[in-house]
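First up is the structure itself, then whatever we jot down about it.
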Amino acid sequence: MFLRPYKKASLFCVALLLLAQTPSSAQVQTPKTDEKQSVSLVRYVDQKSGLTADDLAAYALGHNLELQAMRKEIDAAKALVKQARLRANPKVDLSVSQNVTGNDHNVNADAILPLELGGRRAARIAVAERQVEVREHEFANRERLLSAEVRMKFADTLAQILKLSLTDELVESNQQSFNLVAARVLEGATPPLEQNMVLVELNRLKSMRESAEGKVEVAMLALRNLIGMSPEEPLRLRGNFDNLIDQLPTVSETTERALRNRPDLLAARSAENVALAQIEQARSGGRLDASLLAGYEHMIFGFPVRGFDDVGRLQPVKGGFNYFKVGISLDVPVRNKNQGAVEAAIAEADAAKRRREFAELILRHEVASSYAQYERASRAMEIFRVGVQQQARANLDVVRQTYELGSKTLLDYLGEQRRFIEFENDFVDSQLAVYNARVEIQRAAASPELIKR
């Protein structure tokens with residue numbers, strides 16, 4: 001790469017000899033590219049059988065432990081609906097009384113059946129059913145957020161992998177350059193300082209590569225944790241940042257769709273319905289209630305005297321009596337009409353309404369800002385691709401050629417190469433910004449494409 005036109009054939013032969021022979025202690029030690037650099041991307045990317053962002057999102061929806069816990073909470077809320085539908089149990093009272101100084105005693109058996117008047121049972125069921133709706137919408141909202149989070153983490157990991165790939169290419173290119181410069185130094189065509197400068201740059205790139213691979217490994221572990229995969233399980237990705245710009249609906253259409261379908265907004269509306277149902281439940285608790293009573297009483301009663309019975313025998317004076325009782329018990333709301341509970345429920349309903357209105361306002365802002373972010377990021381990426389990336393690559397080729405012709409110094413070429421690395425990394429970041437902005441639109445609109453089971 002750095003070779004000037006003169007003496008190309010002889011220097012190339014010397015370079016081949018250097019690569020074929022094992023250097024002795026008197027020879028210049030030529031750094032060699034690690035074997036893992038040529039296969040490093042195989043550990044992270046497989047464009048045939050790897051997992052796409054959709055695959056990872058679907059895996060997360062089935063394995064994420066937080067979602068599994070929320071499913072159990074929904075089951076618990078449904079069980080409470082079942083409990084709310086059950087009618088009040090009857091009560092049975094049994095009692096026995098005995099006169100400690102005589103033979104008198106009573107046996108009582110009473111049954112009490114609460115009627116739950118005033119719509120108490122219906123109000124209780126309505127509150128429990130509305131709470132199930134809230135749980136279900138909260139679960140759907142968590143799925144929406146998790147799916148978007150997985151896609152963004154996938155994109156971030158893919159960006160780190162692309163930067164690692166770029167660093168690998170530069171390490172390989174600079175390794176070849178070092179070999180050729182080392183050959184020129186052996187021929188005396190180049191001073192040793194130039195070889196040392198190339199060696200420093202090569203080692204700098206290798207250091208960058210180790211840092212880049214460390215970021216990839218950390219990102220892969222974070223992605224595994226997010227989707228509910230153990231750190232030891234194999235994971236390779238599939239996909240790229242191509243074809244990110246596609247036709248989008250208008251902001252107003254997306255806003256209307258989000259107002260209809262966003263699960264967090266639906267959860268806020270359900271919470272408002274819960275508060276309204278709780279008002280009715282509080283009012284029903286302040287209405288007249290009643291319980292039916294039925295009982296049996298057996299009484300033995302006597303006096304400490306004797307009398308003659310029907311056949312003239314002298315017997316203690318006592319008798320046995322049996323009673324059947326029927327009645328009704330009324331709970332009359334005269335002083336306590338649940339006034340405080342009703343006022344509290346009305347205040348909670350008003351608070352739920354304000355939260356719902358605030359959620360609608362936040363939704364509109366999220367949709368508008370996501371579109372603005374996407375449009376600006378798309379324009380920035382296109383400008384970068386046409387006006388920066390292509391020009392930077394052309395500039396690097398020109399500086400390399402002029403260096404080979406002797407018009408530029410090695411420092412000029414290394415400086416241009418560093419700028420090229422920065423530009424390439426910045427372009428990857430611009431692609432990542434467009435991808436994330438697109439996912440942000442899907443998240444704000446609760447797009448069904450975002451959640452694929």
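Going through the structure tokens in order, the chains are called A, B, and so on, while each chain numbers its residues from 1 and the ligands are numbered from 1 in the order shown.
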Tell me, counting only C-alpha atoms, for each residue of region 77-165 of chain A within 12 Å of region 279-301 of chain A, which pair of atoms is nearest and how far apart they are in Å to one decimal, in rows ordered by chain and increasing number, as a Markdown table.
| residue | atom | partner | partner_atom | distance |
| --- | --- | --- | --- | --- |
| A:Ala88 | CA | A:Ser291 | CA | 10.5 |
| A:Asn89 | CA | A:Ser291 | CA | 11.2 |
| A:Pro90 | CA | A:Ser291 | CA | 9.3 |
| A:Lys91 | CA | A:Leu293 | CA | 9.5 |
| A:Val92 | CA | A:Gly295 | CA | 9.1 |
| A:Asp93 | CA | A:Gly295 | CA | 8.9 |
| A:Leu94 | CA | A:Gly295 | CA | 9.5 |
| A:Ser95 | CA | A:Glu297 | CA | 9.5 |
| A:Val96 | CA | A:His298 | CA | 9.6 |
| A:Ser97 | CA | A:Met299 | CA | 9.4 |
| A:Gln98 | CA | A:Ile300 | CA | 9.6 |
| A:Asn99 | CA | A:Phe301 | CA | 9.6 |
| A:Gly102 | CA | A:Phe301 | CA | 9.3 |
| A:Asn103 | CA | A:Phe301 | CA | 7.4 |
| A:Asp104 | CA | A:Phe301 | CA | 4.9 |
| A:His105 | CA | A:Ile300 | CA | 5.5 |
| A:Asn106 | CA | A:Met299 | CA | 4.5 |
| A:Val107 | CA | A:His298 | CA | 5.1 |
| A:Asn108 | CA | A:Glu297 | CA | 4.5 |
| A:Ala109 | CA | A:Tyr296 | CA | 5.2 |
| A:Asp110 | CA | A:Gly295 | CA | 4.0 |
| A:Ala111 | CA | A:Ala294 | CA | 5.2 |
| A:Ile112 | CA | A:Leu293 | CA | 4.7 |
| A:Leu113 | CA | A:Leu292 | CA | 5.0 |
| A:Pro114 | CA | A:Ser291 | CA | 4.2 |
| A:Leu115 | CA | A:Ser291 | CA | 5.4 |
| A:Glu116 | CA | A:Asp289 | CA | 6.0 |
| A:Leu117 | CA | A:Asp289 | CA | 5.0 |
| A:Gly118 | CA | A:Ser284 | CA | 5.3 |
| A:Gly119 | CA | A:Ser284 | CA | 5.9 |
| A:Arg120 | CA | A:Ser284 | CA | 5.3 |
| A:Arg121 | CA | A:Gln281 | CA | 8.7 |
| A:Ala122 | CA | A:Gln281 | CA | 8.4 |
| A:Ala123 | CA | A:Gln281 | CA | 4.8 |
| A:Arg124 | CA | A:Gln281 | CA | 6.2 |
| A:Ile125 | CA | A:Gln281 | CA | 9.4 |
| A:Ala126 | CA | A:Gln281 | CA | 8.6 |
| A:Val127 | CA | A:Gln281 | CA | 7.7 |
| A:Ala128 | CA | A:Gln281 | CA | 10.9 |
With C-alpha atoms kept, could you save the residues just selected as a PDB file, in the first residue's frame?
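What ended up in again_0.pdb:
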ATOM      1  CA  ALA A  88     -72.324 -13.980  50.439  1.00  0.00           C
ATOM      2  CA  ASN A  89     -72.286 -17.123  52.572  1.00  0.00           C
ATOM      3  CA  PRO A  90     -75.162 -17.811  54.958  1.00  0.00           C
ATOM      4  CA  LYS A  91     -74.402 -17.781  58.668  1.00  0.00           C
ATOM      5  CA  VAL A  92     -75.473 -20.365  61.217  1.00  0.00           C
ATOM      6  CA  ASP A  93     -75.543 -19.637  64.974  1.00  0.00           C
ATOM      7  CA  LEU A  94     -75.867 -22.451  67.519  1.00  0.00           C
ATOM      8  CA  SER A  95     -76.189 -21.829  71.234  1.00  0.00           C
ATOM      9  CA  VAL A  96     -77.075 -23.771  74.388  1.00  0.00           C
ATOM     10  CA  SER A  97     -77.951 -22.187  77.749  1.00  0.00           C
ATOM     11  CA  GLN A  98     -78.300 -24.009  81.089  1.00  0.00           C
ATOM     12  CA  ASN A  99     -79.649 -22.755  84.387  1.00  0.00           C
ATOM     13  CA  GLY A 102     -82.027 -25.608  88.135  1.00  0.00           C
ATOM     14  CA  ASN A 103     -83.017 -27.773  85.230  1.00  0.00           C
ATOM     15  CA  ASP A 104     -83.952 -24.985  82.808  1.00  0.00           C
ATOM     16  CA  HIS A 105     -82.035 -24.907  79.525  1.00  0.00           C
ATOM     17  CA  ASN A 106     -82.462 -23.638  75.965  1.00  0.00           C
ATOM     18  CA  VAL A 107     -81.148 -24.834  72.603  1.00  0.00           C
ATOM     19  CA  ASN A 108     -81.077 -22.277  69.750  1.00  0.00           C
ATOM     20  CA  ALA A 109     -80.219 -22.720  66.068  1.00  0.00           C
ATOM     21  CA  ASP A 110     -80.369 -19.604  63.850  1.00  0.00           C
ATOM     22  CA  ALA A 111     -79.564 -19.139  60.126  1.00  0.00           C
ATOM     23  CA  ILE A 112     -78.803 -15.740  58.574  1.00  0.00           C
ATOM     24  CA  LEU A 113     -78.741 -15.111  54.796  1.00  0.00           C
ATOM     25  CA  PRO A 114     -77.296 -11.700  53.654  1.00  0.00           C
ATOM     26  CA  LEU A 115     -79.202 -10.318  50.662  1.00  0.00           C
ATOM     27  CA  GLU A 116     -76.637  -7.716  49.484  1.00  0.00           C
ATOM     28  CA  LEU A 117     -79.215  -5.183  48.416  1.00  0.00           C
ATOM     29  CA  GLY A 118     -78.513  -1.863  46.717  1.00  0.00           C
ATOM     30  CA  GLY A 119     -76.437  -3.320  43.864  1.00  0.00           C
ATOM     31  CA  ARG A 120     -73.535  -4.281  46.110  1.00  0.00           C
ATOM     32  CA  ARG A 121     -72.675  -7.491  44.253  1.00  0.00           C
ATOM     33  CA  ALA A 122     -72.965  -5.949  40.775  1.00  0.00           C
ATOM     34  CA  ALA A 123     -70.762  -3.023  41.781  1.00  0.00           C
ATOM     35  CA  ARG A 124     -68.159  -5.366  43.247  1.00  0.00           C
ATOM     36  CA  ILE A 125     -68.072  -7.436  40.041  1.00  0.00           C
ATOM     37  CA  ALA A 126     -67.771  -4.316  37.866  1.00  0.00           C
ATOM     38  CA  VAL A 127     -64.737  -3.071  39.812  1.00  0.00           C
ATOM     39  CA  ALA A 128     -63.003  -6.465  39.553  1.00  0.00           C
TER      40      ALA A 128
END
**Request:** For region 40-49 of chain A, list every protein, DNA or RNA residue within 12 Å, evaluated using only C-alpha atoms, and leave out those in the same chain fewer than 2 positions away; present the list as number ranges by chain.
**Result:** A: 34-38, 51-52, 55, 154, 157-169, 209-210, 212-214, 216-221, 234-240
Just to be explicit: take each residue in the selection above, keep C-alpha atoms, and write the result as a PDB file, in the first residue's frame.
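Contents of again-v9.pdb, freshly written:
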ATOM      1  CA  ASP A  34      -4.291 -12.690  15.126  1.00  0.00           C
ATOM      2  CA  GLU A  35      -6.245 -15.588  13.714  1.00  0.00           C
ATOM      3  CA  LYS A  36      -9.346 -14.506  15.634  1.00  0.00           C
ATOM      4  CA  GLN A  37      -9.488 -11.274  13.664  1.00  0.00           C
ATOM      5  CA  SER A  38     -10.292 -13.091  10.447  1.00  0.00           C
ATOM      6  CA  LEU A  51     -31.686 -14.006  14.504  1.00  0.00           C
ATOM      7  CA  THR A  52     -33.253 -10.824  13.161  1.00  0.00           C
ATOM      8  CA  ASP A  55     -36.903 -12.979  15.932  1.00  0.00           C
ATOM      9  CA  PHE A 154     -30.295  -5.164  18.424  1.00  0.00           C
ATOM     10  CA  THR A 157     -25.245  -4.260  18.969  1.00  0.00           C
ATOM     11  CA  LEU A 158     -25.216  -4.437  15.177  1.00  0.00           C
ATOM     12  CA  ALA A 159     -23.617  -0.985  15.028  1.00  0.00           C
ATOM     13  CA  GLN A 160     -20.864  -2.112  17.393  1.00  0.00           C
ATOM     14  CA  ILE A 161     -20.307  -5.183  15.208  1.00  0.00           C
ATOM     15  CA  LEU A 162     -20.034  -3.034  12.068  1.00  0.00           C
ATOM     16  CA  LYS A 163     -17.462  -0.832  13.783  1.00  0.00           C
ATOM     17  CA  LEU A 164     -15.546  -3.938  14.805  1.00  0.00           C
ATOM     18  CA  SER A 165     -15.653  -5.141  11.197  1.00  0.00           C
ATOM     19  CA  LEU A 166     -14.260  -1.816  10.000  1.00  0.00           C
ATOM     20  CA  THR A 167     -11.461  -1.999  12.547  1.00  0.00           C
ATOM     21  CA  ASP A 168     -10.670  -5.556  11.438  1.00  0.00           C
ATOM     22  CA  GLU A 169     -10.309  -4.394   7.850  1.00  0.00           C
ATOM     23  CA  ARG A 209     -10.055  -3.466  17.929  1.00  0.00           C
ATOM     24  CA  GLU A 210      -9.830  -5.003  21.389  1.00  0.00           C
ATOM     25  CA  ALA A 212     -14.442  -2.558  19.931  1.00  0.00           C
ATOM     26  CA  GLU A 213     -14.788  -6.285  20.508  1.00  0.00           C
ATOM     27  CA  GLY A 214     -15.239  -5.674  24.223  1.00  0.00           C
ATOM     28  CA  VAL A 216     -19.654  -5.993  21.163  1.00  0.00           C
ATOM     29  CA  GLU A 217     -19.397  -8.676  23.837  1.00  0.00           C
ATOM     30  CA  VAL A 218     -21.009  -6.420  26.457  1.00  0.00           C
ATOM     31  CA  ALA A 219     -23.793  -5.482  24.028  1.00  0.00           C
ATOM     32  CA  MET A 220     -24.441  -9.138  23.194  1.00  0.00           C
ATOM     33  CA  LEU A 221     -24.691 -10.001  26.897  1.00  0.00           C
ATOM     34  CA  PRO A 234     -25.158 -19.096  21.503  1.00  0.00           C
ATOM     35  CA  LEU A 235     -26.493 -16.011  19.769  1.00  0.00           C
ATOM     36  CA  ARG A 236     -25.685 -14.625  16.341  1.00  0.00           C
ATOM     37  CA  LEU A 237     -27.457 -11.789  14.584  1.00  0.00           C
ATOM     38  CA  ARG A 238     -28.773 -11.356  11.077  1.00  0.00           C
ATOM     39  CA  GLY A 239     -29.615  -8.095   9.370  1.00  0.00           C
ATOM     40  CA  ASN A 240     -28.258  -4.689   8.411  1.00  0.00           C
TER      41      ASN A 240
END
**Prompt:** Leaving out region 372-381 of chain A and any residue of its chain fewer than 2 positions from it, which residues lie within 12 Å of it when counting only C-alpha atoms, given as a PyMOL selection string?
**Reply:** chain A and resi 241-248+250-251+365-370+383-389+423-424+426-442
**Item:** Residue neighbourhood Ala349 (chain A), 7 Å, only C-alpha atoms, exclusion window fewer than 4 positions, as number ranges by chain
**Value:** A: 272, 275-276, 345, 353
Could you save the residues just selected, with N, CA and C atoms, as an mmCIF file, in the first residue's frame?
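Resulting contents of again.cif:
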data_model
loop_
_atom_site.group_PDB
_atom_site.id
_atom_site.type_symbol
_atom_site.label_atom_id
_atom_site.label_comp_id
_atom_site.auth_asym_id
_atom_site.auth_seq_id
_atom_site.Cartn_x
_atom_site.Cartn_y
_atom_site.Cartn_z
ATOM 1 N N GLU A 272 -59.698 4.834 34.539
ATOM 2 C CA GLU A 272 -60.785 5.780 34.748
ATOM 3 C C GLU A 272 -62.104 5.041 34.957
ATOM 4 N N ALA A 275 -62.258 3.692 38.435
ATOM 5 C CA ALA A 275 -62.609 4.728 39.410
ATOM 6 C C ALA A 275 -64.116 5.005 39.397
ATOM 7 N N LEU A 276 -64.712 5.026 38.199
ATOM 8 C CA LEU A 276 -66.158 5.236 38.118
ATOM 9 C C LEU A 276 -66.911 4.074 38.766
ATOM 10 N N ALA A 345 -63.902 8.291 46.284
ATOM 11 C CA ALA A 345 -64.002 7.649 44.969
ATOM 12 C C ALA A 345 -64.201 8.678 43.867
ATOM 13 N N LYS A 353 -59.194 10.730 35.393
ATOM 14 C CA LYS A 353 -59.522 11.461 34.174
ATOM 15 C C LYS A 353 -58.388 12.390 33.775
#
**Item:** Using only C-alpha atoms: which of A:Leu56, A:Ile421, A:Ala222, A:Ala79 has the shortest distance to Ala392 (chain A)
**Value:**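 Nearest to Ala392 (chain A): A:Ile421.
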**Prompt:** To one decimal place, how far is CA of Arg184 (chain A) from CA of Glu404 (chain A) in Å?
**Reply:** 12.8 Å
**Prompt:** Got a sec to tell me which of region 319-414 of chain A DSSP assigns to helix (DSSP H, G or I), as a ChimeraX atom specification?
**Reply:** /A:339-404,410-414
**Request:** For CA of Ala140 (chain A) and CA of Glu348 (chain A), quote the distance in Å rounded to one decimal.
**Result:**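 Distance reported for this atom pair: 24.0 Å.
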**Message:** What's the separation between CA of Asp331 (chain A) and CA of Gln83 (chain A), in Å to one decimal place?
**Reply:**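 Taking CA of Asp331 (chain A) and CA of Gln83 (chain A), their separation equals 23.6 Å.
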**Prompt:** Hey, what's within 12 Å of Arg144 (chain A) if we count only C-alpha atoms and toss same-chain stuff fewer than 5 positions away? As a PyMOL selection string, please?
**Reply:** chain A and resi 57-58+60-61+67+137-139+149-151+261-264+439-453
Mind writing the picked residues with N, CA and C atoms as a PDB file, in the first residue's frame?
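Saved the output as selection.pdb:
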ATOM      1  N   ALA A  57     -37.344 -10.059  19.182  1.00  0.00           N
ATOM      2  CA  ALA A  57     -38.519  -9.509  19.863  1.00  0.00           C
ATOM      3  C   ALA A  57     -39.512 -10.613  20.206  1.00  0.00           C
ATOM      4  N   ALA A  58     -39.732 -11.539  19.268  1.00  0.00           N
ATOM      5  CA  ALA A  58     -40.642 -12.648  19.534  1.00  0.00           C
ATOM      6  C   ALA A  58     -40.112 -13.536  20.658  1.00  0.00           C
ATOM      7  N   ALA A  60     -38.198 -12.571  23.110  1.00  0.00           N
ATOM      8  CA  ALA A  60     -38.337 -11.828  24.363  1.00  0.00           C
ATOM      9  C   ALA A  60     -39.761 -11.893  24.887  1.00  0.00           C
ATOM     10  N   LEU A  61     -40.746 -11.798  23.987  1.00  0.00           N
ATOM     11  CA  LEU A  61     -42.132 -11.832  24.422  1.00  0.00           C
ATOM     12  C   LEU A  61     -42.497 -13.179  25.042  1.00  0.00           C
ATOM     13  N   LEU A  67     -42.467 -10.176  31.874  1.00  0.00           N
ATOM     14  CA  LEU A  67     -43.745 -10.449  31.219  1.00  0.00           C
ATOM     15  C   LEU A  67     -44.416 -11.674  31.833  1.00  0.00           C
ATOM     16  N   HIS A 137     -54.154  -4.314  29.662  1.00  0.00           N
ATOM     17  CA  HIS A 137     -53.589  -3.209  28.880  1.00  0.00           C
ATOM     18  C   HIS A 137     -52.164  -2.883  29.341  1.00  0.00           C
ATOM     19  N   GLU A 138     -51.911  -2.962  30.623  1.00  0.00           N
ATOM     20  CA  GLU A 138     -50.543  -2.747  31.118  1.00  0.00           C
ATOM     21  C   GLU A 138     -49.598  -3.821  30.582  1.00  0.00           C
ATOM     22  N   PHE A 139     -50.074  -5.047  30.493  1.00  0.00           N
ATOM     23  CA  PHE A 139     -49.266  -6.123  29.922  1.00  0.00           C
ATOM     24  C   PHE A 139     -48.964  -5.847  28.451  1.00  0.00           C
ATOM     25  N   GLU A 149     -37.566  -1.859  22.792  1.00  0.00           N
ATOM     26  CA  GLU A 149     -36.266  -1.871  23.466  1.00  0.00           C
ATOM     27  C   GLU A 149     -35.353  -2.947  22.888  1.00  0.00           C
ATOM     28  N   VAL A 150     -35.919  -4.115  22.583  1.00  0.00           N
ATOM     29  CA  VAL A 150     -35.121  -5.195  21.992  1.00  0.00           C
ATOM     30  C   VAL A 150     -34.612  -4.780  20.618  1.00  0.00           C
ATOM     31  N   ARG A 151     -35.451  -4.146  19.817  1.00  0.00           N
ATOM     32  CA  ARG A 151     -35.030  -3.724  18.482  1.00  0.00           C
ATOM     33  C   ARG A 151     -33.920  -2.676  18.548  1.00  0.00           C
ATOM     34  N   ASN A 261     -55.266   2.799  19.692  1.00  0.00           N
ATOM     35  CA  ASN A 261     -54.658   1.491  19.968  1.00  0.00           C
ATOM     36  C   ASN A 261     -53.559   1.489  21.014  1.00  0.00           C
ATOM     37  N   ARG A 262     -53.044   2.641  21.424  1.00  0.00           N
ATOM     38  CA  ARG A 262     -51.924   2.610  22.372  1.00  0.00           C
ATOM     39  C   ARG A 262     -52.370   1.953  23.676  1.00  0.00           C
ATOM     40  N   PRO A 263     -51.719   0.847  24.073  1.00  0.00           N
ATOM     41  CA  PRO A 263     -52.171   0.144  25.284  1.00  0.00           C
ATOM     42  C   PRO A 263     -52.019   0.947  26.557  1.00  0.00           C
ATOM     43  N   ASP A 264     -51.017   1.835  26.638  1.00  0.00           N
ATOM     44  CA  ASP A 264     -50.899   2.634  27.859  1.00  0.00           C
ATOM     45  C   ASP A 264     -52.061   3.607  27.982  1.00  0.00           C
ATOM     46  N   VAL A 439     -37.956   2.921  14.803  1.00  0.00           N
ATOM     47  CA  VAL A 439     -38.540   2.116  15.877  1.00  0.00           C
ATOM     48  C   VAL A 439     -39.334   3.001  16.831  1.00  0.00           C
ATOM     49  N   GLU A 440     -38.848   4.220  17.053  1.00  0.00           N
ATOM     50  CA  GLU A 440     -39.548   5.150  17.943  1.00  0.00           C
ATOM     51  C   GLU A 440     -40.927   5.498  17.388  1.00  0.00           C
ATOM     52  N   ILE A 441     -41.029   5.636  16.064  1.00  0.00           N
ATOM     53  CA  ILE A 441     -42.334   5.890  15.454  1.00  0.00           C
ATOM     54  C   ILE A 441     -43.256   4.696  15.680  1.00  0.00           C
ATOM     55  N   GLN A 442     -42.723   3.492  15.464  1.00  0.00           N
ATOM     56  CA  GLN A 442     -43.534   2.300  15.688  1.00  0.00           C
ATOM     57  C   GLN A 442     -43.968   2.189  17.150  1.00  0.00           C
ATOM     58  N   ARG A 443     -43.069   2.530  18.050  1.00  0.00           N
ATOM     59  CA  ARG A 443     -43.416   2.466  19.469  1.00  0.00           C
ATOM     60  C   ARG A 443     -44.468   3.513  19.811  1.00  0.00           C
ATOM     61  N   ALA A 444     -44.328   4.725  19.294  1.00  0.00           N
ATOM     62  CA  ALA A 444     -45.288   5.781  19.604  1.00  0.00           C
ATOM     63  C   ALA A 444     -46.657   5.468  19.022  1.00  0.00           C
ATOM     64  N   ALA A 445     -46.685   4.820  17.845  1.00  0.00           N
ATOM     65  CA  ALA A 445     -47.951   4.521  17.186  1.00  0.00           C
ATOM     66  C   ALA A 445     -48.533   3.186  17.594  1.00  0.00           C
ATOM     67  N   ALA A 446     -47.812   2.412  18.423  1.00  0.00           N
ATOM     68  CA  ALA A 446     -48.249   1.059  18.781  1.00  0.00           C
ATOM     69  C   ALA A 446     -48.490   0.234  17.534  1.00  0.00           C
ATOM     70  N   SER A 447     -47.521   0.284  16.630  1.00  0.00           N
ATOM     71  CA  SER A 447     -47.646  -0.420  15.350  1.00  0.00           C
ATOM     72  C   SER A 447     -47.707  -1.922  15.596  1.00  0.00           C
ATOM     73  N   PRO A 448     -48.620  -2.639  14.921  1.00  0.00           N
ATOM     74  CA  PRO A 448     -48.659  -4.109  15.104  1.00  0.00           C
ATOM     75  C   PRO A 448     -47.429  -4.803  14.608  1.00  0.00           C
ATOM     76  N   GLU A 449     -46.667  -4.165  13.671  1.00  0.00           N
ATOM     77  CA  GLU A 449     -45.426  -4.765  13.197  1.00  0.00           C
ATOM     78  C   GLU A 449     -44.368  -4.794  14.288  1.00  0.00           C
ATOM     79  N   LEU A 450     -44.568  -3.957  15.314  1.00  0.00           N
ATOM     80  CA  LEU A 450     -43.572  -3.899  16.388  1.00  0.00           C
ATOM     81  C   LEU A 450     -43.599  -5.157  17.240  1.00  0.00           C
ATOM     82  N   ILE A 451     -44.786  -5.750  17.380  1.00  0.00           N
ATOM     83  CA  ILE A 451     -44.959  -6.917  18.232  1.00  0.00           C
ATOM     84  C   ILE A 451     -45.359  -8.094  17.355  1.00  0.00           C
ATOM     85  N   LYS A 452     -44.431  -9.017  17.198  1.00  0.00           N
ATOM     86  CA  LYS A 452     -44.683 -10.215  16.413  1.00  0.00           C
ATOM     87  C   LYS A 452     -44.355 -11.424  17.275  1.00  0.00           C
ATOM     88  N   ARG A 453     -45.376 -12.185  17.574  1.00  0.00           N
ATOM     89  CA  ARG A 453     -45.188 -13.359  18.426  1.00  0.00           C
ATOM     90  C   ARG A 453     -44.836 -14.559  17.567  1.00  0.00           C
TER      91      ARG A 453
END
